[in-house]
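Chemist: Below is the file coords.cif, which contains mmCIF, C-alpha atoms.
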```cif
data_start
#
loop_
_atom_site.group_PDB
_atom_site.id
_atom_site.type_symbol
_atom_site.label_atom_id
_atom_site.label_comp_id
_atom_site.auth_asym_id
_atom_site.auth_seq_id
_atom_site.Cartn_x
_atom_site.Cartn_y
_atom_site.Cartn_z
ATOM 1 C CA ASP E 1 -51.871 1.870 20.214
ATOM 2 C CA ALA E 2 -54.887 0.185 18.643
ATOM 3 C CA GLY E 3 -58.261 1.056 20.042
ATOM 4 C CA VAL E 4 -61.257 -1.246 20.053
ATOM 5 C CA THR E 5 -61.489 -3.349 16.908
ATOM 6 C CA GLN E 6 -64.762 -4.843 15.745
ATOM 7 C CA SER E 7 -65.369 -7.264 12.901
ATOM 8 C CA PRO E 8 -66.952 -7.445 10.488
ATOM 9 C CA THR E 9 -67.894 -3.819 9.811
ATOM 10 C CA HIS E 10 -71.034 -4.763 7.918
ATOM 11 C CA LEU E 11 -72.955 -7.937 7.274
ATOM 12 C CA ILE E 12 -76.294 -9.051 5.936
ATOM 13 C CA LYS E 13 -78.104 -12.079 7.300
ATOM 14 C CA THR E 14 -81.401 -13.774 6.583
ATOM 15 C CA ARG E 15 -84.163 -14.020 9.155
ATOM 16 C CA GLY E 16 -83.745 -17.168 11.252
ATOM 17 C CA GLN E 17 -79.993 -17.397 10.766
ATOM 18 C CA GLN E 18 -77.324 -17.081 13.432
ATOM 19 C CA VAL E 19 -74.571 -14.464 13.561
ATOM 20 C CA THR E 20 -71.313 -13.945 15.472
ATOM 21 C CA LEU E 21 -69.763 -10.529 15.965
ATOM 22 C CA ARG E 22 -66.245 -10.051 17.284
ATOM 23 C CA CYS E 23 -64.521 -7.448 19.430
ATOM 24 C CA SER E 24 -60.876 -6.955 20.364
ATOM 25 C CA PRO E 25 -60.535 -4.579 23.292
ATOM 26 C CA LYS E 26 -58.085 -1.734 23.569
ATOM 27 C CA SER E 27 -54.641 -2.815 24.723
ATOM 28 C CA GLY E 28 -54.597 -3.018 28.513
ATOM 29 C CA HIS E 29 -58.354 -3.336 28.876
ATOM 30 C CA ASP E 30 -59.921 -6.459 30.361
ATOM 31 C CA THR E 31 -63.659 -5.747 30.354
ATOM 32 C CA VAL E 32 -65.939 -5.767 27.342
ATOM 33 C CA SER E 33 -69.504 -4.467 27.076
ATOM 34 C CA TRP E 34 -71.864 -4.816 24.130
ATOM 35 C CA TYR E 35 -74.541 -2.345 23.075
ATOM 36 C CA GLN E 36 -77.254 -2.439 20.409
ATOM 37 C CA GLN E 37 -78.035 0.820 18.611
ATOM 38 C CA ALA E 38 -81.147 0.735 16.466
ATOM 39 C CA LEU E 39 -81.409 3.323 13.697
ATOM 40 C CA GLY E 40 -82.134 6.772 15.101
ATOM 41 C CA GLN E 41 -81.857 5.678 18.729
ATOM 42 C CA GLY E 42 -79.300 5.660 21.493
ATOM 43 C CA PRO E 43 -77.316 2.521 22.315
ATOM 44 C CA GLN E 44 -78.899 -0.022 24.636
ATOM 45 C CA PHE E 45 -76.854 -2.254 26.929
ATOM 46 C CA ILE E 46 -76.791 -5.958 26.087
ATOM 47 C CA PHE E 47 -74.233 -7.454 28.481
ATOM 48 C CA GLN E 48 -70.795 -7.087 30.018
ATOM 49 C CA TYR E 49 -67.959 -9.608 30.277
ATOM 50 C CA TYR E 50 -65.150 -9.628 32.783
ATOM 51 C CA GLU E 51 -62.822 -12.501 33.639
ATOM 52 C CA GLU E 52 -64.528 -14.599 30.963
ATOM 53 C CA GLU E 53 -67.893 -14.398 32.716
ATOM 54 C CA GLU E 54 -71.067 -12.481 31.982
ATOM 55 C CA ARG E 55 -71.251 -10.002 34.863
ATOM 56 C CA GLN E 56 -74.301 -7.976 33.956
ATOM 57 C CA ARG E 57 -77.079 -8.260 31.418
ATOM 58 C CA GLY E 58 -79.589 -5.842 29.981
ATOM 59 C CA ASN E 59 -83.140 -6.554 28.886
ATOM 60 C CA PHE E 60 -82.346 -8.802 25.938
ATOM 61 C CA PRO E 61 -83.658 -12.310 25.232
ATOM 62 C CA ASP E 62 -81.587 -15.460 25.546
ATOM 63 C CA ARG E 63 -81.097 -15.441 21.783
ATOM 64 C CA PHE E 64 -78.312 -12.995 22.573
ATOM 65 C CA SER E 65 -75.294 -14.694 24.097
ATOM 66 C CA GLY E 66 -71.643 -13.941 24.408
ATOM 67 C CA HIS E 67 -68.229 -15.153 25.284
ATOM 68 C CA GLN E 68 -64.952 -13.691 26.464
ATOM 69 C CA PHE E 69 -61.648 -15.358 25.725
ATOM 70 C CA PRO E 70 -58.496 -15.454 27.876
ATOM 71 C CA ASN E 71 -56.977 -12.680 25.745
ATOM 72 C CA TYR E 72 -60.015 -10.508 26.714
ATOM 73 C CA SER E 73 -61.496 -10.478 23.218
ATOM 74 C CA SER E 74 -65.192 -11.139 23.019
ATOM 75 C CA GLU E 75 -67.910 -12.484 20.759
ATOM 76 C CA LEU E 76 -71.582 -11.628 20.559
ATOM 77 C CA ASN E 77 -73.837 -14.355 19.179
ATOM 78 C CA VAL E 78 -77.413 -13.857 18.081
ATOM 79 C CA ASN E 79 -79.551 -16.875 17.214
ATOM 80 C CA ALA E 80 -82.804 -17.071 15.244
ATOM 81 C CA LEU E 81 -82.366 -13.596 13.823
ATOM 82 C CA LEU E 82 -85.394 -11.337 13.579
ATOM 83 C CA LEU E 83 -85.869 -8.318 11.360
ATOM 84 C CA GLY E 84 -85.823 -6.218 14.540
ATOM 85 C CA ASP E 85 -82.271 -7.309 15.278
ATOM 86 C CA SER E 86 -81.076 -5.045 12.477
ATOM 87 C CA ALA E 87 -78.889 -2.465 14.217
ATOM 88 C CA LEU E 88 -75.405 -1.184 14.860
ATOM 89 C CA TYR E 89 -73.698 -3.325 17.496
ATOM 90 C CA LEU E 90 -71.106 -1.447 19.514
ATOM 91 C CA CYS E 91 -68.402 -2.908 21.695
ATOM 92 C CA ALA E 92 -66.846 -0.905 24.519
ATOM 93 C CA SER E 93 -63.787 -1.905 26.499
ATOM 94 C CA SER E 94 -62.418 -0.739 29.824
ATOM 95 C CA LEU E 95 -59.968 -1.666 32.542
ATOM 96 C CA GLY E 96 -62.327 -3.140 35.083
ATOM 97 C CA ALA E 97 -65.922 -2.019 35.396
ATOM 98 C CA GLY E 98 -65.428 1.199 37.298
ATOM 99 C CA PRO E 99 -68.117 3.776 36.810
ATOM 100 C CA GLY E 100 -66.348 6.942 35.933
ATOM 101 C CA TYR E 101 -64.198 6.801 32.876
ATOM 102 C CA GLY E 102 -61.823 4.941 30.649
ATOM 103 C CA TYR E 103 -64.361 3.361 28.319
ATOM 104 C CA THR E 104 -63.353 3.126 24.665
ATOM 105 C CA PHE E 105 -65.915 2.323 21.988
ATOM 106 C CA GLY E 106 -65.358 0.624 18.673
ATOM 107 C CA SER E 107 -66.892 1.718 15.382
ATOM 108 C CA GLY E 108 -69.428 -1.065 15.499
ATOM 109 C CA THR E 109 -70.788 -3.781 13.259
ATOM 110 C CA ARG E 110 -73.785 -2.861 11.126
ATOM 111 C CA LEU E 111 -76.073 -5.901 10.991
ATOM 112 C CA THR E 112 -78.890 -6.004 8.479
ATOM 113 C CA VAL E 113 -81.432 -8.823 8.717
ATOM 114 C CA VAL E 114 -83.510 -9.414 5.586
ATOM 115 C CA ALA P 115 -84.519 2.335 36.491
ATOM 116 C CA GLN P 116 -82.675 5.364 35.268
ATOM 117 C CA THR P 117 -83.806 7.227 32.169
ATOM 118 C CA VAL P 118 -82.182 9.892 30.017
ATOM 119 C CA THR P 119 -84.163 12.308 27.859
ATOM 120 C CA GLN P 120 -82.956 14.567 25.075
ATOM 121 C CA SER P 121 -85.820 16.732 23.875
ATOM 122 C CA GLN P 122 -84.093 18.144 20.787
ATOM 123 C CA PRO P 123 -83.915 15.572 17.972
ATOM 124 C CA GLU P 124 -82.098 18.061 15.740
ATOM 125 C CA MET P 125 -80.218 21.312 16.228
ATOM 126 C CA SER P 126 -78.261 23.560 13.915
ATOM 127 C CA VAL P 127 -75.689 26.273 14.554
ATOM 128 C CA GLN P 128 -73.698 28.678 12.439
ATOM 129 C CA GLU P 129 -69.965 28.121 12.330
ATOM 130 C CA ALA P 130 -68.204 30.062 15.132
ATOM 131 C CA GLU P 131 -71.448 30.494 17.069
ATOM 132 C CA THR P 132 -72.522 28.856 20.338
ATOM 133 C CA VAL P 133 -75.105 26.120 20.757
ATOM 134 C CA THR P 134 -76.568 24.365 23.787
ATOM 135 C CA LEU P 135 -77.861 20.797 23.772
ATOM 136 C CA SER P 136 -80.304 19.781 26.480
ATOM 137 C CA CYS P 137 -80.459 16.625 28.575
ATOM 138 C CA THR P 138 -82.525 15.603 31.565
ATOM 139 C CA TYR P 139 -82.312 12.407 33.537
ATOM 140 C CA ASP P 140 -84.170 10.574 36.216
ATOM 141 C CA THR P 141 -82.525 8.652 39.046
ATOM 142 C CA SER P 142 -82.918 7.962 42.730
ATOM 143 C CA GLU P 143 -79.193 7.463 43.200
ATOM 144 C CA SER P 144 -76.899 10.056 44.709
ATOM 145 C CA ASP P 145 -73.643 8.740 43.273
ATOM 146 C CA TYR P 146 -73.461 8.777 39.502
ATOM 147 C CA TYR P 147 -71.648 10.130 36.479
ATOM 148 C CA LEU P 148 -72.945 11.955 33.445
ATOM 149 C CA PHE P 149 -71.397 12.034 30.009
ATOM 150 C CA TRP P 150 -71.747 13.580 26.604
ATOM 151 C CA TYR P 151 -70.654 11.384 23.714
ATOM 152 C CA LYS P 152 -70.252 12.410 20.091
ATOM 153 C CA GLN P 153 -70.960 9.946 17.277
ATOM 154 C CA PRO P 154 -69.766 11.138 13.863
ATOM 155 C CA PRO P 155 -70.510 9.252 10.637
ATOM 156 C CA SER P 156 -67.586 6.977 11.452
ATOM 157 C CA ARG P 157 -69.954 5.538 14.118
ATOM 158 C CA GLN P 158 -67.402 5.466 16.935
ATOM 159 C CA MET P 159 -68.676 6.939 20.191
ATOM 160 C CA ILE P 160 -66.216 9.603 21.299
ATOM 161 C CA LEU P 161 -66.224 10.983 24.833
ATOM 162 C CA VAL P 162 -66.732 14.750 24.822
ATOM 163 C CA ILE P 163 -67.021 15.532 28.509
ATOM 164 C CA ARG P 164 -67.711 13.865 31.863
ATOM 165 C CA GLN P 165 -69.249 15.128 35.088
ATOM 166 C CA GLU P 166 -69.180 13.501 38.506
ATOM 167 C CA ALA P 167 -72.415 14.122 40.388
ATOM 168 C CA TYR P 168 -70.590 14.843 43.654
ATOM 169 C CA LYS P 169 -68.712 17.745 42.068
ATOM 170 C CA GLN P 170 -70.527 21.056 42.098
ATOM 171 C CA GLN P 171 -68.184 22.655 39.603
ATOM 172 C CA ASN P 172 -69.259 22.294 35.999
ATOM 173 C CA ALA P 173 -66.862 20.345 33.790
ATOM 174 C CA THR P 174 -65.077 22.104 30.932
ATOM 175 C CA GLU P 175 -63.028 20.702 28.066
ATOM 176 C CA ASN P 176 -61.730 23.401 25.729
ATOM 177 C CA ARG P 177 -64.758 24.626 23.710
ATOM 178 C CA PHE P 178 -67.126 22.245 25.493
ATOM 179 C CA SER P 179 -68.723 22.940 28.852
ATOM 180 C CA VAL P 180 -71.700 21.655 30.786
ATOM 181 C CA ASN P 181 -74.366 23.191 32.962
ATOM 182 C CA PHE P 182 -75.041 20.577 35.627
ATOM 183 C CA GLN P 183 -78.124 21.265 37.724
ATOM 184 C CA LYS P 184 -78.328 18.333 40.129
ATOM 185 C CA ALA P 185 -81.563 19.297 41.836
ATOM 186 C CA ALA P 186 -83.285 19.775 38.488
ATOM 187 C CA LYS P 187 -81.599 16.658 37.072
ATOM 188 C CA SER P 188 -80.466 18.632 34.083
ATOM 189 C CA PHE P 189 -77.166 18.297 32.198
ATOM 190 C CA SER P 190 -76.804 20.534 29.163
ATOM 191 C CA LEU P 191 -73.813 20.774 26.829
ATOM 192 C CA LYS P 192 -72.581 24.101 25.494
ATOM 193 C CA ILE P 193 -70.380 24.141 22.427
ATOM 194 C CA SER P 194 -68.605 27.451 21.864
ATOM 195 C CA ASP P 195 -66.995 28.626 18.615
ATOM 196 C CA SER P 196 -68.676 25.780 16.719
ATOM 197 C CA GLN P 197 -66.628 24.136 14.003
ATOM 198 C CA LEU P 198 -67.672 22.099 10.977
ATOM 199 C CA GLY P 199 -66.114 19.047 12.618
ATOM 200 C CA ASP P 200 -68.559 19.317 15.503
ATOM 201 C CA ALA P 201 -71.377 18.102 13.263
ATOM 202 C CA ALA P 202 -72.479 14.707 14.608
ATOM 203 C CA MET P 203 -74.991 12.904 16.789
ATOM 204 C CA TYR P 204 -74.599 13.819 20.435
ATOM 205 C CA PHE P 205 -75.695 11.435 23.157
ATOM 206 C CA CYS P 206 -76.179 12.225 26.807
ATOM 207 C CA ALA P 207 -75.425 9.237 29.031
ATOM 208 C CA TYR P 208 -75.814 8.263 32.682
ATOM 209 C CA ARG P 209 -73.774 5.781 34.629
ATOM 210 C CA SER P 210 -74.352 4.692 38.205
ATOM 211 C CA GLY P 211 -71.532 5.142 40.684
ATOM 212 C CA ASN P 212 -71.854 1.499 41.640
ATOM 213 C CA TYR P 213 -69.234 -0.873 40.278
ATOM 214 C CA GLY P 214 -70.113 -2.799 37.150
ATOM 215 C CA GLN P 215 -72.994 -0.674 35.947
ATOM 216 C CA ASN P 216 -73.699 0.088 32.311
ATOM 217 C CA PHE P 217 -74.301 3.325 30.424
ATOM 218 C CA VAL P 218 -77.863 4.517 29.925
ATOM 219 C CA PHE P 219 -78.016 6.646 26.801
ATOM 220 C CA GLY P 220 -80.530 9.219 25.661
ATOM 221 C CA PRO P 221 -82.024 9.146 22.145
ATOM 222 C CA GLY P 222 -79.525 11.655 20.796
ATOM 223 C CA THR P 223 -79.477 15.092 19.165
ATOM 224 C CA ARG P 224 -78.270 15.539 15.604
ATOM 225 C CA LEU P 225 -76.172 18.699 15.373
ATOM 226 C CA SER P 226 -75.601 20.384 12.041
ATOM 227 C CA VAL P 227 -72.996 23.139 11.668
ATOM 228 C CA LEU P 228 -73.701 25.621 8.891
ATOM 229 C CA PRO P 229 -70.785 27.347 7.143
#
```
What does the file become when written as structure tokens?
Modeler:
Amino acid sequence: DAGVTQSPTHLIKTRGQQVTLRCSPKSGHDTVSWYQQALGQGPQFIFQYYEEEERQRGNFPDRFSGHQFPNYSSELNVNALLLGDSALYLCASSLGAGPGYGYTFGSGTRLTVV
Amino acid sequence: AQTVTQSQPEMSVQEAETVTLSCTYDTSESDYYLFWYKQPPSRQMILVIRQEAYKQQNATENRFSVNFQKAAKSFSLKISDSQLGDAAMYFCAYRSGNYGQNFVFGPGTRLSVLP
């Protein structure tokens, strides 16, 4: 049973460009959350998607946007990239958005902005 | 807003020994969950142990146990019989008991296991 799959694993972008990261949730999961983990820090919540809608959002600018498809997979888009956007982007999936358990994380996409 | 603090950026332990990682948190909520996640070099966040705030009994998972002090808002992780495979970043995380809430992670503790 595949877990959470994220692509690509690494990528390098130039400041000002746009990037799209992809996440396929664990089989049976319908909710996807995105986190940004800067080097040496803990992950920070970006947003959560359920039923193809953004349900909750963290303290991130509008340059960060997302989408969820009918098959529950999700994309994270970042426009006008800044050097500070360099980070590991983690996707976590779950069945619903219940608080206690059942969240599976992917191995992330390492984004480097130069 | 909730915050999670881990005051030990780095820790080391001898193989087969015991180590305790510290975590404190701040919240005004009464219903919440606390977690310890492990992040090895593979980068995937792996759940180590979970504690429901309404449960007084400390959670235990094999060699891993917690000391949950609700009044002090403290949630430490004890790793017994440490193994080389335990070396990783460890993150303490908080999650509200309300539906749809996100994880709030601490800054992490890097654990080294010495042979």
Chemist: Could the residues of chain P within 8 Å of chain E, counting only C-alpha atoms, be given as a list of chain:residue names, please?
Modeler: P:Tyr146, P:Tyr147, P:Ser156, P:Arg157, P:Gln158, P:Met159, P:Ile160, P:Arg164, P:Glu166, P:Phe205, P:Arg209, P:Ser210, P:Gly211, P:Asn212, P:Tyr213, P:Gly214, P:Gln215, P:Asn216, P:Phe217, P:Val218, P:Phe219, P:Gly220, P:Pro221, P:Gly222
Chemist: Tell me which residues the PyMOL selection byres ((chain P and resi 120) around 12) grabs here, as an MDAnalysis selection string.
Modeler: (chainID E and resid 41:42) or (chainID P and resid 117:119 121:125 134:140 150 188:191 203:207 219:224)
Chemist: Which neighbours of segment 126-128 of chain P fall inside 12 Å, counting all atoms listed in the file, when residues of the same chain fewer than 3 positions from it are skipped, and could you give them as an mmCIF file with C-alpha atoms, in the frame of the given file?
Modeler:
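Heads up, here's the output in around_9.cif:
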```cif
data_model
loop_
_atom_site.group_PDB
_atom_site.id
_atom_site.type_symbol
_atom_site.label_atom_id
_atom_site.label_comp_id
_atom_site.auth_asym_id
_atom_site.auth_seq_id
_atom_site.Cartn_x
_atom_site.Cartn_y
_atom_site.Cartn_z
ATOM 1 C CA GLN P 122 -84.093 18.144 20.787
ATOM 2 C CA PRO P 123 -83.915 15.572 17.972
ATOM 3 C CA GLU P 131 -71.448 30.494 17.069
ATOM 4 C CA THR P 132 -72.522 28.856 20.338
ATOM 5 C CA VAL P 133 -75.105 26.120 20.757
ATOM 6 C CA THR P 134 -76.568 24.365 23.787
ATOM 7 C CA LEU P 135 -77.861 20.797 23.772
ATOM 8 C CA LYS P 192 -72.581 24.101 25.494
ATOM 9 C CA ILE P 193 -70.380 24.141 22.427
ATOM 10 C CA SER P 194 -68.605 27.451 21.864
ATOM 11 C CA ASP P 195 -66.995 28.626 18.615
ATOM 12 C CA SER P 196 -68.676 25.780 16.719
ATOM 13 C CA GLN P 197 -66.628 24.136 14.003
ATOM 14 C CA LEU P 198 -67.672 22.099 10.977
ATOM 15 C CA ASP P 200 -68.559 19.317 15.503
ATOM 16 C CA ALA P 201 -71.377 18.102 13.263
ATOM 17 C CA ALA P 202 -72.479 14.707 14.608
ATOM 18 C CA MET P 203 -74.991 12.904 16.789
ATOM 19 C CA THR P 223 -79.477 15.092 19.165
ATOM 20 C CA ARG P 224 -78.270 15.539 15.604
ATOM 21 C CA LEU P 225 -76.172 18.699 15.373
ATOM 22 C CA SER P 226 -75.601 20.384 12.041
ATOM 23 C CA VAL P 227 -72.996 23.139 11.668
ATOM 24 C CA LEU P 228 -73.701 25.621 8.891
ATOM 25 C CA PRO P 229 -70.785 27.347 7.143
#
```
Chemist: With distances taken over only C-alpha atoms, which of E:Pro70, E:Asn59, E:Thr20, E:Thr14 is nearest to Tyr89 of chain E?
Modeler: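 Of E:Pro70, E:Asn59, E:Thr20, E:Thr14, the one nearest Tyr89 of chain E is E:Thr20, counting only C-alpha atoms.
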Chemist: Quick check, in Å to one decimal: how far apart do atom CA of Leu148 of chain P and atom CA of Ala115 of chain P lie?
Modeler: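 Going from atom CA of Leu148 of chain P over to atom CA of Ala115 of chain P covers 15.4 Å.
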Chemist: Measuring between only C-alpha atoms, which one of P:Leu161, P:Tyr208, P:Ala130, P:Gln153 shows the shortest distance to Arg177 of chain P?
Modeler: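 Of the candidates, the smallest distance to Arg177 of chain P is held by P:Ala130.
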Chemist: How many Å lie between atom CA of Leu11 of chain E and atom CA of Glu54 of chain E, rounded to one decimal?
Modeler: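 Result for atom CA of Leu11 of chain E versus atom CA of Glu54 of chain E: 25.2 Å, one decimal.
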Chemist: Since I can't run it myself right now, could you work out what the PyMOL selection byres ((chain E and resi 19) around 12) selects here and report it as a ChimeraX atom specification?
Modeler: /E:7-8,10-18,20-22,63-66,75-82,85-86,89,109-113
Chemist: To test the calculation: enclose all listed atoms of segment 54-58 of chain E in a box whose edges run along x, y and z, add 3 Å on each side, then state centre and edge lengths in Å to one decimal, as AutoDock Vina command-line options.
Modeler:
```
--center_x -75.3 --center_y -9.2 --center_z 32.4 --size_x 14.5 --size_y 12.6 --size_z 10.9
```
Chemist: Which distance in Å separates atom CA of Gln165 of chain P and atom CA of Asn181 of chain P, to one decimal?
Modeler: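 Atom CA of Asn181 of chain P lies 9.8 Å from atom CA of Gln165 of chain P.
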Chemist: Calculated over all atoms listed in the file, which of the candidates E:Ala38, E:Pro25, E:Glu51, E:His67 has the smallest distance to Thr5 of chain E?
Modeler: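 Using all atoms listed in the file, Thr5 of chain E sits closest to E:Pro25.
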